[in-house]
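Report on the structure given below.
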Amino acid sequence: MRTFRTARSARTARPARLLAVTGAALAALALTACDSGTGTRDEGAAGGSTSAQSTGGTSTSGGSTTGGSSTGGSTSTSGGGSAATGGTAADKASSKGGTSDPSDPENRVTCNGSNTTVTAQPVSRPLNHMLITVKNTGSKYCDLYFNPTVRFGEAQSAPRVIEESQPQAVVTLAPGESGYAGVLLSAADGSGGKGTTEKKVVIHFQGAEAGSDAGSPASPALPAKGVYVDNSVAVTYWQSTMEDALQY
């Protein structure tokens with residue numbers, strides 16, 4: 001009886017194992033079918049995500065390379081370098097007095113007795129007039145501001161200024177050029193009162209601010225016999241031509 005049960009149990013166990021094997025095979029088939037369908041879609045979605053991420057990464061990487069870190073950064077750096085170079089050039093130009101153009105206002109100086117030669121000569125026409133001539137002997141352009149401050153002999157005050165002679169612009173002299181001022185020495189009709197004969201004159205120059213001192217004055221020689229000066233003595237503003245200086 002015990003042997004029969006064992007054989008019977010063995011026969012009963014074999015169908016169970018077959019069923020287990022069959023079930024496992026069916027499960028494998030189902031899994032394969034599943035992988036062929038939804039699984040593939042999942043892989044496709046995963047592949048799309050990867051592709052999108054890759055594309056996005058490439059786009060980001062490309063954008064970063066083209067417009068940002070590399071090229072953009074390089075351009076910015078290059079631009080910065082150019083700006084720095086330009087700034088350095090400007091600083092150098094500034095330290096040298098602006099541009100290299102000798103007529104540039106930043107390169108000009110004020111005319112005075114140290115960078116000019118000055119003459120003072122009476123003229124025959126108009127009567128009782130003297131012409132002051134200032135020649136730029138320096139290497140830079142110089143500006144003649146306002147009018148000369150003229151002092152004859154030991155006079156404590158300067159002659160009045162003929163206001164209607166004021167030019168529209170400052171007279172600027174290039175190296176070698178001359179500027180002029182006229183001096184009315186005395187009244188032709190004697191209305192200037194009793195005058196004196198002066199043998200010495202000092203010409204003072206003004207700076208850009210009216211009444212300021214531009215530096216070294218000049219003491220041009222007068223004729224040996226001197227010049228006659230009365231109370232009507234007056235001086236013009238600086239002019240660019242002698243004709244303009246002597247018309248007042």
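To be explicit about the labels: the chains of the structure tokens are called A, B, and onward in the order shown, and within each one the residues are counted from 1, while ligands get numbers from 1 in the order they are shown.
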Can you list, as a ChimeraX atom specification, every protein, DNA or RNA residue that comes within 9 Å of Lys194 in chain A when you count only C-alpha atoms, leaving out same-chain residues fewer than 6 positions away?
/A:229-231
Which residues come within 8 Å of Pro102 in chain A, counting only C-alpha atoms, excluding same-chain residues fewer than 4 positions away, as a PyMOL selection string?
chain A and resi 107-108+140-141
Grab the residues selected above and save them as a PDB file, in the first residue's frame with C-alpha atoms.
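File written: result-v5.pdb
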```
ATOM      1  CA  ASN A 107      46.781 121.800 -27.789  1.00  0.00           C
ATOM      2  CA  ARG A 108      46.686 125.593 -27.832  1.00  0.00           C
ATOM      3  CA  LYS A 140      51.922 125.715 -30.760  1.00  0.00           C
ATOM      4  CA  TYR A 141      48.877 127.720 -31.708  1.00  0.00           C
TER       5      TYR A 141
END
```
Would you list, as a PyMOL selection string, the residues of range 85-200 of chain A that end up in alpha helix (DSSP H) under DSSP run on this structure's backbone?
chain A and resi 85-95
Please dump the current selection as a JSON list (two decimals), in the first residue's frame; keep N, CA and C atoms.
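And here is the file that came out, result-v1.json:
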```json
[["chain", "number", "residue", "atom", "x", "y", "z"],
["A", 85, "THR", "N", 41.71, 99.08, -25.02],
["A", 85, "THR", "CA", 42.76, 99.65, -25.86],
["A", 85, "THR", "C", 42.42, 101.07, -26.25],
["A", 86, "GLY", "N", 41.09, 101.27, -26.62],
["A", 86, "GLY", "CA", 40.67, 102.62, -26.96],
["A", 86, "GLY", "C", 40.86, 103.57, -25.81],
["A", 87, "GLY", "N", 40.51, 103.10, -24.60],
["A", 87, "GLY", "CA", 40.66, 103.94, -23.43],
["A", 87, "GLY", "C", 42.12, 104.30, -23.22],
["A", 88, "THR", "N", 43.00, 103.33, -23.41],
["A", 88, "THR", "CA", 44.42, 103.58, -23.23],
["A", 88, "THR", "C", 44.92, 104.61, -24.24],
["A", 89, "ALA", "N", 44.44, 104.48, -25.49],
["A", 89, "ALA", "CA", 44.83, 105.44, -26.52],
["A", 89, "ALA", "C", 44.34, 106.83, -26.17],
["A", 90, "ALA", "N", 43.08, 106.89, -25.67],
["A", 90, "ALA", "CA", 42.53, 108.18, -25.29],
["A", 90, "ALA", "C", 43.32, 108.78, -24.14],
["A", 91, "ASP", "N", 43.70, 107.92, -23.18],
["A", 91, "ASP", "CA", 44.49, 108.41, -22.05],
["A", 91, "ASP", "C", 45.83, 108.95, -22.54],
["A", 92, "LYS", "N", 46.44, 108.23, -23.50],
["A", 92, "LYS", "CA", 47.72, 108.68, -24.01],
["A", 92, "LYS", "C", 47.57, 110.01, -24.73],
["A", 93, "ALA", "N", 46.46, 110.11, -25.55],
["A", 93, "ALA", "CA", 46.22, 111.36, -26.26],
["A", 93, "ALA", "C", 45.99, 112.49, -25.28],
["A", 94, "SER", "N", 45.21, 112.17, -24.20],
["A", 94, "SER", "CA", 44.91, 113.18, -23.20],
["A", 94, "SER", "C", 46.18, 113.64, -22.51],
["A", 95, "SER", "N", 47.07, 112.68, -22.20],
["A", 95, "SER", "CA", 48.31, 113.04, -21.50],
["A", 95, "SER", "C", 49.21, 113.89, -22.39]]
```
Do you know which residues are at most 6 Å from range 153-159 of chain A counting only C-alpha atoms, after dropping those on the same chain fewer than 2 positions away, and could you put them as a PyMOL selection string?
chain A and resi 150-151+198+200-201+233-234
Do a neighbour search on range 212-222 of chain A at 10 Å with only C-alpha atoms, toss out local chain neighbours closer than 6 positions, and write the hits as a tab-separated table (two decimals) with C-alpha atoms, in the first residue's frame.
```tsv
chain	number	residue	atom	x	y	z
A	109	VAL	CA	48.27	127.95	-25.33
A	110	THR	CA	47.69	131.58	-24.41
A	111	CYS	CA	49.81	134.15	-26.20
A	112	ASN	CA	52.12	136.16	-23.95
A	113	GLY	CA	55.56	137.74	-23.99
A	114	SER	CA	57.36	134.39	-23.74
A	115	ASN	CA	56.00	132.81	-26.91
A	116	THR	CA	55.63	135.91	-29.12
A	117	THR	CA	57.55	138.91	-30.38
A	118	VAL	CA	55.80	142.26	-29.96
A	119	THR	CA	56.30	145.53	-31.77
A	120	ALA	CA	54.61	148.91	-31.22
A	121	GLN	CA	54.93	151.38	-34.08
A	122	PRO	CA	53.15	154.71	-34.74
A	132	ILE	CA	50.73	146.74	-31.86
A	133	THR	CA	51.82	143.56	-33.67
A	134	VAL	CA	52.15	140.20	-31.93
A	144	LEU	CA	44.92	136.31	-27.94
A	145	TYR	CA	42.11	136.94	-25.47
A	148	PRO	CA	46.05	144.15	-24.61
A	149	THR	CA	46.47	145.98	-21.32
A	150	VAL	CA	48.71	148.88	-22.29
A	151	ARG	CA	50.71	150.97	-19.84
A	198	GLU	CA	56.14	158.63	-23.45
A	199	LYS	CA	59.19	156.59	-24.34
A	200	LYS	CA	58.25	153.36	-22.64
A	201	VAL	CA	55.30	151.01	-23.01
A	202	VAL	CA	54.48	147.62	-21.44
A	203	ILE	CA	51.96	145.25	-23.05
A	204	HIS	CA	50.18	142.80	-20.74
A	205	PHE	CA	48.19	139.80	-22.02
A	206	GLN	CA	44.93	138.46	-20.62
```
Could you give me, as a PyMOL selection string, each residue of range 109-200 of chain A that DSSP assigns to strand (DSSP E or B) when run on this structure's backbone?
chain A and resi 109-110+116-123+129-136+142-152+160-161+171-173+178-184+196-198
To one decimal in Å, tell me the separation between CA of Val227 in chain A and CA of Ala188 in chain A.
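Separating CA of Val227 in chain A from CA of Ala188 in chain A is a distance of 13.9 Å.
Within 6 Å of range 172-183 of chain A, once only C-alpha atoms are used and residues closer than 4 positions along the same chain are dropped, the contacting residues are His129, Met130, Leu131, Ile132, Thr133, Val134, Lys135, Asn136, Thr137, Gly138, Ser139, Tyr141, Cys142, Asp143, Ala234, Val235, Thr236, Trp238, Gln239, Ser240, Met242, Ala245 and Leu246 of chain A.
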Expected file: the selected residues, N, CA, C and O atoms, as a PDB file, in the first residue's frame:
```
ATOM      1  N   HIS A 129      47.759 157.370 -34.350  1.00  0.00           N
ATOM      2  CA  HIS A 129      47.509 155.955 -34.034  1.00  0.00           C
ATOM      3  C   HIS A 129      48.821 155.176 -33.964  1.00  0.00           C
ATOM      4  O   HIS A 129      49.816 155.543 -34.603  1.00  0.00           O
ATOM      5  N   MET A 130      48.782 154.107 -33.203  1.00  0.00           N
ATOM      6  CA  MET A 130      49.925 153.195 -33.083  1.00  0.00           C
ATOM      7  C   MET A 130      49.413 151.768 -33.301  1.00  0.00           C
ATOM      8  O   MET A 130      48.316 151.415 -32.858  1.00  0.00           O
ATOM      9  N   LEU A 131      50.227 150.974 -33.963  1.00  0.00           N
ATOM     10  CA  LEU A 131      49.863 149.583 -34.232  1.00  0.00           C
ATOM     11  C   LEU A 131      50.712 148.646 -33.387  1.00  0.00           C
ATOM     12  O   LEU A 131      51.948 148.713 -33.424  1.00  0.00           O
ATOM     13  N   ILE A 132      50.043 147.786 -32.623  1.00  0.00           N
ATOM     14  CA  ILE A 132      50.726 146.737 -31.856  1.00  0.00           C
ATOM     15  C   ILE A 132      50.634 145.442 -32.663  1.00  0.00           C
ATOM     16  O   ILE A 132      49.538 145.012 -33.056  1.00  0.00           O
ATOM     17  N   THR A 133      51.766 144.818 -32.920  1.00  0.00           N
ATOM     18  CA  THR A 133      51.818 143.562 -33.668  1.00  0.00           C
ATOM     19  C   THR A 133      52.405 142.471 -32.792  1.00  0.00           C
ATOM     20  O   THR A 133      53.469 142.659 -32.187  1.00  0.00           O
ATOM     21  N   VAL A 134      51.703 141.355 -32.725  1.00  0.00           N
ATOM     22  CA  VAL A 134      52.151 140.202 -31.931  1.00  0.00           C
ATOM     23  C   VAL A 134      52.353 139.020 -32.879  1.00  0.00           C
ATOM     24  O   VAL A 134      51.402 138.587 -33.542  1.00  0.00           O
ATOM     25  N   LYS A 135      53.557 138.496 -32.943  1.00  0.00           N
ATOM     26  CA  LYS A 135      53.854 137.347 -33.809  1.00  0.00           C
ATOM     27  C   LYS A 135      54.117 136.116 -32.961  1.00  0.00           C
ATOM     28  O   LYS A 135      54.924 136.151 -32.028  1.00  0.00           O
ATOM     29  N   ASN A 136      53.443 135.029 -33.291  1.00  0.00           N
ATOM     30  CA  ASN A 136      53.619 133.768 -32.567  1.00  0.00           C
ATOM     31  C   ASN A 136      54.949 133.133 -32.961  1.00  0.00           C
ATOM     32  O   ASN A 136      55.145 132.698 -34.097  1.00  0.00           O
ATOM     33  N   THR A 137      55.864 133.071 -32.013  1.00  0.00           N
ATOM     34  CA  THR A 137      57.178 132.471 -32.270  1.00  0.00           C
ATOM     35  C   THR A 137      57.310 131.083 -31.644  1.00  0.00           C
ATOM     36  O   THR A 137      58.385 130.479 -31.694  1.00  0.00           O
ATOM     37  N   GLY A 138      56.220 130.580 -31.055  1.00  0.00           N
ATOM     38  CA  GLY A 138      56.243 129.266 -30.435  1.00  0.00           C
ATOM     39  C   GLY A 138      55.942 128.162 -31.425  1.00  0.00           C
ATOM     40  O   GLY A 138      55.740 128.400 -32.627  1.00  0.00           O
ATOM     41  N   SER A 139      55.872 126.932 -30.932  1.00  0.00           N
ATOM     42  CA  SER A 139      55.593 125.761 -31.785  1.00  0.00           C
ATOM     43  C   SER A 139      54.122 125.362 -31.735  1.00  0.00           C
ATOM     44  O   SER A 139      53.703 124.464 -32.458  1.00  0.00           O
ATOM     45  N   TYR A 141      49.820 126.632 -31.490  1.00  0.00           N
ATOM     46  CA  TYR A 141      48.877 127.720 -31.708  1.00  0.00           C
ATOM     47  C   TYR A 141      48.711 128.462 -30.382  1.00  0.00           C
ATOM     48  O   TYR A 141      48.727 127.846 -29.310  1.00  0.00           O
ATOM     49  N   CYS A 142      48.529 129.779 -30.450  1.00  0.00           N
ATOM     50  CA  CYS A 142      48.262 130.537 -29.222  1.00  0.00           C
ATOM     51  C   CYS A 142      47.073 131.462 -29.423  1.00  0.00           C
ATOM     52  O   CYS A 142      46.772 131.896 -30.546  1.00  0.00           O
ATOM     53  N   ASP A 143      46.373 131.723 -28.342  1.00  0.00           N
ATOM     54  CA  ASP A 143      45.158 132.540 -28.376  1.00  0.00           C
ATOM     55  C   ASP A 143      45.401 133.914 -27.770  1.00  0.00           C
ATOM     56  O   ASP A 143      46.010 134.038 -26.703  1.00  0.00           O
ATOM     57  N   ALA A 234      43.160 155.257 -26.164  1.00  0.00           N
ATOM     58  CA  ALA A 234      42.259 154.096 -26.142  1.00  0.00           C
ATOM     59  C   ALA A 234      42.877 152.972 -26.960  1.00  0.00           C
ATOM     60  O   ALA A 234      43.713 153.198 -27.858  1.00  0.00           O
ATOM     61  N   VAL A 235      42.457 151.730 -26.668  1.00  0.00           N
ATOM     62  CA  VAL A 235      43.022 150.560 -27.333  1.00  0.00           C
ATOM     63  C   VAL A 235      41.903 149.657 -27.832  1.00  0.00           C
ATOM     64  O   VAL A 235      40.833 149.577 -27.224  1.00  0.00           O
ATOM     65  N   THR A 236      42.138 148.963 -28.947  1.00  0.00           N
ATOM     66  CA  THR A 236      41.144 148.030 -29.499  1.00  0.00           C
ATOM     67  C   THR A 236      41.332 146.635 -28.897  1.00  0.00           C
ATOM     68  O   THR A 236      42.335 146.347 -28.248  1.00  0.00           O
ATOM     69  N   TRP A 238      42.046 142.614 -29.637  1.00  0.00           N
ATOM     70  CA  TRP A 238      42.934 141.959 -30.595  1.00  0.00           C
ATOM     71  C   TRP A 238      42.170 141.668 -31.883  1.00  0.00           C
ATOM     72  O   TRP A 238      41.016 141.243 -31.859  1.00  0.00           O
ATOM     73  N   GLN A 239      42.851 141.868 -33.005  1.00  0.00           N
ATOM     74  CA  GLN A 239      42.264 141.657 -34.325  1.00  0.00           C
ATOM     75  C   GLN A 239      43.159 140.735 -35.143  1.00  0.00           C
ATOM     76  O   GLN A 239      44.361 140.591 -34.867  1.00  0.00           O
ATOM     77  N   SER A 240      42.567 140.138 -36.163  1.00  0.00           N
ATOM     78  CA  SER A 240      43.343 139.234 -37.017  1.00  0.00           C
ATOM     79  C   SER A 240      44.016 139.955 -38.178  1.00  0.00           C
ATOM     80  O   SER A 240      44.907 139.393 -38.834  1.00  0.00           O
ATOM     81  N   MET A 242      45.619 144.003 -39.577  1.00  0.00           N
ATOM     82  CA  MET A 242      45.988 145.353 -39.167  1.00  0.00           C
ATOM     83  C   MET A 242      44.940 146.369 -39.620  1.00  0.00           C
ATOM     84  O   MET A 242      44.749 147.411 -38.967  1.00  0.00           O
ATOM     85  N   ALA A 245      42.451 146.546 -36.986  1.00  0.00           N
ATOM     86  CA  ALA A 245      42.994 147.163 -35.786  1.00  0.00           C
ATOM     87  C   ALA A 245      43.072 148.683 -35.894  1.00  0.00           C
ATOM     88  O   ALA A 245      42.975 149.402 -34.885  1.00  0.00           O
ATOM     89  N   LEU A 246      43.216 149.209 -37.114  1.00  0.00           N
ATOM     90  CA  LEU A 246      43.429 150.647 -37.296  1.00  0.00           C
ATOM     91  C   LEU A 246      42.195 151.391 -37.775  1.00  0.00           C
ATOM     92  O   LEU A 246      42.269 152.575 -38.122  1.00  0.00           O
TER      93      LEU A 246
END
```
